[in-house]
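Here the structure is laid out as structure tokens; the discussion comes afterwards.
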Amino acid sequence: MNAEEVVGNIKNERIIAIIRGIDDAHIERTIEALLKGGISIMEITMNTPGAIDMIKNMVQRWGSDIMIGAGTVMTPQAAYDAISAGAQFIVCPHTDKRIIDLAKAMGKAVLPGAMTPTEIATAMQSGADLIKLFPAATLGPSYVKQLLGPFNDVPFIAVGGINIDNAYSFIQAGAVGLGIGGELVNRQMIYQDKYDSVTELARTFIESVSI
């Protein structure tokens with residue numbers, strides 16, 4: 001899958017499930033619960049223990065049924081390792097041209113983090129496929145709407161503090177997608193084996209952004 005196809009899938013499905021800090025004993029059932037709920041785009045954060053092996057295993061286990069990315073990518077080496085393991089896209093909390101260049105050279109989509117107009121412009125000029133607007137909830141949906149005045153052609157993915165109450169507001173304001181962590185990949189539910197609840201959360205989020 002090339003970068004353009006990855007971007008198209010993200011824009012179409014709108015939700016990226018952010019998996020952070022889930023251990024090996026729970027990761028497989030977590031992914032199954034998300035898939036059952038209709039979410040097939042997921043990122044494993046690189047500060048999750050064993051992240052590279054998880055990415056490899058997910059690619060081998062589910063193949064084209066899921067689209068796997070790497071999140072919290074802080075260095076070019078981390079990006080290289082994640083892509084080599086099978087990650088289809090790279091997500092950063094910041095904008096680092098070295099990471100963008102490496103991801104593009106390896107034919108993968110990259111979503112650098114940005115907040116200010118200058119950061120957004122720098123990221124787009126550096127070749128970003130999508131902009132991770134972070135921290136989104138702190139900025140609010142109105143910030144997205146205001147940014148789309150001068151940045152009317154920039155595709156924003158709102159990340160940070162997205163929950164069931166504000167998810168649709170960000171889509172309505174103009175974000176093309178959302179990255180959702182603990183409010184969707186709920187560790188308390190997962191570690192209590194309440195995977196049906198995770199599935200229901202996934203369905204609820206999908207319904208909320210499809211209104």
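Letters A, B, ... mark the chains of the structure tokens in the order given; residue numbers begin at 1 per chain; ligand numbers begin at 1, in order shown.
Look at range 134-136 of chain A: the protein and nucleic acid residues within 10 Å of it, using only C-alpha atoms and passing over chain neighbours fewer than 2 places away, are Cys92, Pro93, His94, Pro112, Gly113, Ala114, Met115, Thr116, Ile131, Lys132, Thr138, Leu139, Gly140, Pro141, Tyr143, Val144, Phe156, Ile157, Ala158, Val159, Gly160, Gly161, Ile162, Phe170, Leu178 and Gly179 of chain A.
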Would you mind writing down, as number ranges by chain, each residue of range 64-165 of chain A that DSSP on the backbone assigns to strand (DSSP E)?
-> A: 67-71, 89-91, 109-111, 113-114, 131-133, 156-159
Resulting file, chosen residues, N, CA, C and O atoms, as a PDB file, in the first residue's frame:
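After the write, out.pdb holds the following:
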```pdb
ATOM      1  N   MET A  67      -4.606  -1.686   8.992  1.00  0.00           N
ATOM      2  CA  MET A  67      -3.548  -0.791   8.528  1.00  0.00           C
ATOM      3  C   MET A  67      -2.809  -0.301   9.769  1.00  0.00           C
ATOM      4  O   MET A  67      -3.383   0.383  10.612  1.00  0.00           O
ATOM      5  N   ILE A  68      -1.545  -0.684   9.868  1.00  0.00           N
ATOM      6  CA  ILE A  68      -0.772  -0.433  11.075  1.00  0.00           C
ATOM      7  C   ILE A  68       0.227   0.693  10.864  1.00  0.00           C
ATOM      8  O   ILE A  68       0.957   0.716   9.874  1.00  0.00           O
ATOM      9  N   GLY A  69       0.258   1.607  11.814  1.00  0.00           N
ATOM     10  CA  GLY A  69       1.255   2.665  11.812  1.00  0.00           C
ATOM     11  C   GLY A  69       2.031   2.654  13.112  1.00  0.00           C
ATOM     12  O   GLY A  69       1.712   1.905  14.038  1.00  0.00           O
ATOM     13  N   ALA A  70       3.049   3.490  13.159  1.00  0.00           N
ATOM     14  CA  ALA A  70       3.833   3.668  14.379  1.00  0.00           C
ATOM     15  C   ALA A  70       3.638   5.088  14.873  1.00  0.00           C
ATOM     16  O   ALA A  70       3.721   6.041  14.093  1.00  0.00           O
ATOM     17  N   GLY A  71       3.355   5.225  16.157  1.00  0.00           N
ATOM     18  CA  GLY A  71       3.133   6.540  16.743  1.00  0.00           C
ATOM     19  C   GLY A  71       4.228   6.911  17.727  1.00  0.00           C
ATOM     20  O   GLY A  71       5.066   6.087  18.098  1.00  0.00           O
ATOM     21  N   PHE A  89       2.465   3.778   8.130  1.00  0.00           N
ATOM     22  CA  PHE A  89       2.522   5.225   8.296  1.00  0.00           C
ATOM     23  C   PHE A  89       3.229   5.564   9.604  1.00  0.00           C
ATOM     24  O   PHE A  89       3.294   4.751  10.528  1.00  0.00           O
ATOM     25  N   ILE A  90       3.781   6.776   9.644  1.00  0.00           N
ATOM     26  CA  ILE A  90       4.557   7.253  10.782  1.00  0.00           C
ATOM     27  C   ILE A  90       3.871   8.482  11.363  1.00  0.00           C
ATOM     28  O   ILE A  90       3.530   9.419  10.633  1.00  0.00           O
ATOM     29  N   VAL A  91       3.682   8.487  12.689  1.00  0.00           N
ATOM     30  CA  VAL A  91       3.047   9.606  13.382  1.00  0.00           C
ATOM     31  C   VAL A  91       4.012  10.136  14.436  1.00  0.00           C
ATOM     32  O   VAL A  91       4.575   9.367  15.219  1.00  0.00           O
ATOM     33  N   ALA A 109       3.556   7.016   4.351  1.00  0.00           N
ATOM     34  CA  ALA A 109       2.878   8.247   4.745  1.00  0.00           C
ATOM     35  C   ALA A 109       3.415   8.709   6.090  1.00  0.00           C
ATOM     36  O   ALA A 109       3.793   7.897   6.943  1.00  0.00           O
ATOM     37  N   VAL A 110       3.427  10.035   6.276  1.00  0.00           N
ATOM     38  CA  VAL A 110       3.943  10.579   7.533  1.00  0.00           C
ATOM     39  C   VAL A 110       3.028  11.683   8.028  1.00  0.00           C
ATOM     40  O   VAL A 110       2.565  12.524   7.264  1.00  0.00           O
ATOM     41  N   LEU A 111       2.740  11.638   9.341  1.00  0.00           N
ATOM     42  CA  LEU A 111       1.844  12.589   9.991  1.00  0.00           C
ATOM     43  C   LEU A 111       2.607  13.280  11.113  1.00  0.00           C
ATOM     44  O   LEU A 111       2.579  12.832  12.267  1.00  0.00           O
ATOM     45  N   GLY A 113       3.467  16.077  13.988  1.00  0.00           N
ATOM     46  CA  GLY A 113       2.661  16.883  14.885  1.00  0.00           C
ATOM     47  C   GLY A 113       2.979  18.356  14.730  1.00  0.00           C
ATOM     48  O   GLY A 113       4.123  18.750  14.525  1.00  0.00           O
ATOM     49  N   ALA A 114       1.950  19.181  14.795  1.00  0.00           N
ATOM     50  CA  ALA A 114       2.115  20.631  14.707  1.00  0.00           C
ATOM     51  C   ALA A 114       0.974  21.299  15.453  1.00  0.00           C
ATOM     52  O   ALA A 114      -0.113  20.740  15.565  1.00  0.00           O
ATOM     53  N   ILE A 131      -1.464  16.428   8.733  1.00  0.00           N
ATOM     54  CA  ILE A 131      -0.941  17.120   9.911  1.00  0.00           C
ATOM     55  C   ILE A 131      -1.653  16.605  11.157  1.00  0.00           C
ATOM     56  O   ILE A 131      -2.893  16.636  11.241  1.00  0.00           O
ATOM     57  N   LYS A 132      -0.876  16.115  12.106  1.00  0.00           N
ATOM     58  CA  LYS A 132      -1.411  15.742  13.404  1.00  0.00           C
ATOM     59  C   LYS A 132      -1.512  17.019  14.239  1.00  0.00           C
ATOM     60  O   LYS A 132      -0.506  17.547  14.708  1.00  0.00           O
ATOM     61  N   LEU A 133      -2.719  17.532  14.394  1.00  0.00           N
ATOM     62  CA  LEU A 133      -2.924  18.730  15.203  1.00  0.00           C
ATOM     63  C   LEU A 133      -2.968  18.310  16.666  1.00  0.00           C
ATOM     64  O   LEU A 133      -3.904  17.630  17.108  1.00  0.00           O
ATOM     65  N   PHE A 156      -6.086  18.040   8.428  1.00  0.00           N
ATOM     66  CA  PHE A 156      -5.746  17.921   9.842  1.00  0.00           C
ATOM     67  C   PHE A 156      -6.331  16.647  10.458  1.00  0.00           C
ATOM     68  O   PHE A 156      -7.507  16.334  10.248  1.00  0.00           O
ATOM     69  N   ILE A 157      -5.508  15.964  11.235  1.00  0.00           N
ATOM     70  CA  ILE A 157      -5.955  14.865  12.082  1.00  0.00           C
ATOM     71  C   ILE A 157      -5.876  15.370  13.519  1.00  0.00           C
ATOM     72  O   ILE A 157      -4.791  15.697  14.016  1.00  0.00           O
ATOM     73  N   ALA A 158      -7.012  15.484  14.180  1.00  0.00           N
ATOM     74  CA  ALA A 158      -7.048  15.988  15.548  1.00  0.00           C
ATOM     75  C   ALA A 158      -6.673  14.873  16.522  1.00  0.00           C
ATOM     76  O   ALA A 158      -7.268  13.790  16.500  1.00  0.00           O
ATOM     77  N   VAL A 159      -5.679  15.154  17.366  1.00  0.00           N
ATOM     78  CA  VAL A 159      -5.176  14.140  18.296  1.00  0.00           C
ATOM     79  C   VAL A 159      -4.914  14.793  19.649  1.00  0.00           C
ATOM     80  O   VAL A 159      -4.393  15.916  19.720  1.00  0.00           O
TER      81      VAL A 159
END
```
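CA of Ser142 in chain A is found 26.2 Å from CA of Asp96 in chain A.
The closest residue to Val6 in chain A, picked from A:Ile66, A:Ile190, A:Lys56, A:Ile100 and counting only C-alpha atoms, is A:Ile66.
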Residues near Tyr168 in chain A, cut-off 6 Å, only C-alpha atoms, skip fewer than 3 positions along chain, as a list in words = Ile171, Gln172, Ser208 and Val209 of chain A
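Between CA of Gln125 in chain A and CA of Pro150 in chain A the interatomic distance comes to 14.6 Å.
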DSSP says helix (DSSP H, G or I) for which residues of range 23-152 of chain A? Put them as a ChimeraX atom specification?
-> /A:24-36,51-65,76-85,97-105,117-125,136-139,141-147
Store the residues picked out above, limited to C-alpha atoms, as a compact mmCIF listing (two decimals), in the first residue's frame.
```
# COMPACT_ATOMS: atom_id res chain seq x y z
CA ASP A 24 1.69 -8.81 24.81
CA ALA A 25 -0.88 -10.73 26.83
CA HIS A 26 -3.66 -8.33 25.83
CA ILE A 27 -2.67 -6.88 22.46
CA GLU A 28 -4.21 -9.55 20.23
CA ARG A 29 -7.64 -9.45 21.86
CA THR A 30 -7.51 -5.65 21.89
CA ILE A 31 -6.99 -5.58 18.13
CA GLU A 32 -9.75 -8.12 17.61
CA ALA A 33 -12.11 -6.01 19.73
CA LEU A 34 -11.34 -2.90 17.68
CA LEU A 35 -11.78 -4.77 14.41
CA LYS A 36 -15.07 -6.20 15.60
CA ALA A 51 6.44 -2.00 19.90
CA ILE A 52 8.55 -3.23 16.97
CA ASP A 53 7.72 -6.89 17.61
CA MET A 54 4.04 -5.96 18.00
CA ILE A 55 4.04 -4.25 14.62
CA LYS A 56 5.71 -7.27 13.00
CA ASN A 57 3.26 -9.68 14.61
CA MET A 58 0.23 -7.58 13.67
CA VAL A 59 1.30 -7.47 10.03
CA GLN A 60 1.86 -11.24 10.00
CA ARG A 61 -1.35 -12.04 11.88
CA TRP A 62 -3.86 -9.73 10.18
CA GLY A 63 -2.23 -8.71 6.92
CA SER A 64 -4.44 -6.43 4.84
CA ASP A 65 -7.31 -6.61 7.35
CA PRO A 76 14.70 8.90 12.16
CA GLN A 77 16.06 5.60 13.51
CA ALA A 78 12.74 4.84 15.20
CA ALA A 79 10.94 5.62 11.94
CA TYR A 80 13.29 3.34 10.01
CA ASP A 81 12.84 0.49 12.50
CA ALA A 82 9.05 0.83 12.45
CA ILE A 83 8.81 0.92 8.65
CA SER A 84 11.19 -2.05 8.39
CA ALA A 85 8.87 -3.92 10.76
CA LYS A 97 12.18 17.12 8.64
CA ARG A 98 14.64 14.24 8.99
CA ILE A 99 11.79 11.88 9.89
CA ILE A 100 9.58 13.20 7.11
CA ASP A 101 12.38 12.78 4.56
CA LEU A 102 13.11 9.24 5.68
CA ALA A 103 9.45 8.16 5.61
CA LYS A 104 8.99 9.65 2.15
CA ALA A 105 12.18 7.99 0.90
CA PRO A 117 0.68 28.21 12.01
CA THR A 118 4.46 28.28 11.58
CA GLU A 119 4.79 24.63 12.57
CA ILE A 120 1.96 23.66 10.24
CA ALA A 121 3.51 25.53 7.31
CA THR A 122 6.92 24.00 8.02
CA ALA A 123 5.47 20.49 8.16
CA MET A 124 3.58 20.89 4.88
CA GLN A 125 6.59 22.42 3.13
CA ALA A 136 -6.30 19.06 19.85
CA ALA A 137 -8.62 19.15 22.87
CA THR A 138 -6.57 21.91 24.47
CA LEU A 139 -6.91 23.98 21.31
CA PRO A 141 -12.61 22.53 17.50
CA SER A 142 -12.85 26.28 16.86
CA TYR A 143 -9.05 26.36 16.42
CA VAL A 144 -9.36 23.88 13.54
CA LYS A 145 -12.00 26.03 11.91
CA GLN A 146 -9.87 29.14 12.29
CA LEU A 147 -6.79 27.42 10.87
```
Out of A:Gly181, A:Asn163, A:Ser197, A:Thr95, which residue has the shortest atom-to-atom distance to Thr45 in chain A when counting only C-alpha atoms?
->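 Looking at the shortest contact to Thr45 in chain A, the residue is A:Gly181.
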Pick out the residues sitting within 7 Å of Ile18 in chain A, and hand them over as a PyMOL selection string; count only C-alpha atoms, and ignore anything fewer than 6 positions along from it in its own chain.
-> chain A and resi 42-44+179-181+185
Print the selection's residues with N, CA, C and O atoms to a file, as an mmCIF file, in the first residue's frame.
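Result went into result.cif, see below:
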```cif
data_model
loop_
_atom_site.group_PDB
_atom_site.id
_atom_site.type_symbol
_atom_site.label_atom_id
_atom_site.label_comp_id
_atom_site.auth_asym_id
_atom_site.auth_seq_id
_atom_site.Cartn_x
_atom_site.Cartn_y
_atom_site.Cartn_z
ATOM 1 N N MET A 42 -4.835 1.458 13.008
ATOM 2 C CA MET A 42 -4.301 1.514 14.363
ATOM 3 C C MET A 42 -2.838 1.927 14.327
ATOM 4 O O MET A 42 -2.137 1.656 13.354
ATOM 5 N N GLU A 43 -2.408 2.579 15.386
ATOM 6 C CA GLU A 43 -0.982 2.866 15.529
ATOM 7 C C GLU A 43 -0.501 2.329 16.863
ATOM 8 O O GLU A 43 -1.193 2.428 17.881
ATOM 9 N N ILE A 44 0.670 1.730 16.836
ATOM 10 C CA ILE A 44 1.345 1.302 18.053
ATOM 11 C C ILE A 44 2.360 2.380 18.398
ATOM 12 O O ILE A 44 3.226 2.715 17.579
ATOM 13 N N GLY A 179 -7.258 10.943 15.910
ATOM 14 C CA GLY A 179 -6.471 9.922 16.574
ATOM 15 C C GLY A 179 -6.975 9.813 17.998
ATOM 16 O O GLY A 179 -6.996 10.808 18.728
ATOM 17 N N ILE A 180 -7.411 8.617 18.382
ATOM 18 C CA ILE A 180 -8.056 8.445 19.686
ATOM 19 C C ILE A 180 -7.313 7.386 20.492
ATOM 20 O O ILE A 180 -7.162 6.248 20.046
ATOM 21 N N GLY A 181 -6.868 7.776 21.682
ATOM 22 C CA GLY A 181 -6.117 6.875 22.540
ATOM 23 C C GLY A 181 -6.950 6.244 23.625
ATOM 24 O O GLY A 181 -7.820 5.416 23.375
ATOM 25 N N VAL A 185 -9.071 2.988 23.317
ATOM 26 C CA VAL A 185 -8.276 1.825 23.727
ATOM 27 C C VAL A 185 -8.122 1.919 25.247
ATOM 28 O O VAL A 185 -7.061 2.268 25.776
#
```
Please provide as a PyMOL selection string all residues within 9 Å of Arg187 in chain A, with the sequence filter that same-chain residues fewer than 3 positions apart are discarded (counting only C-alpha atoms).
-> chain A and resi 20-22+182+184+190-192
Record the distance separating CA of Gly107 in chain A and CA of Asn2 in chain A, expressed in Å with one decimal.
->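 If I compute the distance from CA of Gly107 in chain A to CA of Asn2 in chain A, I get 6.5 Å.
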Would you list the contacts of Glu13 in chain A as number ranges by chain, taking every protein, DNA or RNA residue within 9 Å and counting only C-alpha atoms, but skipping same-chain residues closer than 5 positions in sequence?
-> A: 8, 39-41, 177, 206
Looking at only C-alpha atoms, which of A:Leu201, A:Ile164, A:Gly86, A:Met46 is the one that sits closest to Met74 in chain A?
->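 Once distances to Met74 in chain A are computed over only C-alpha atoms, the minimum belongs to A:Met46.
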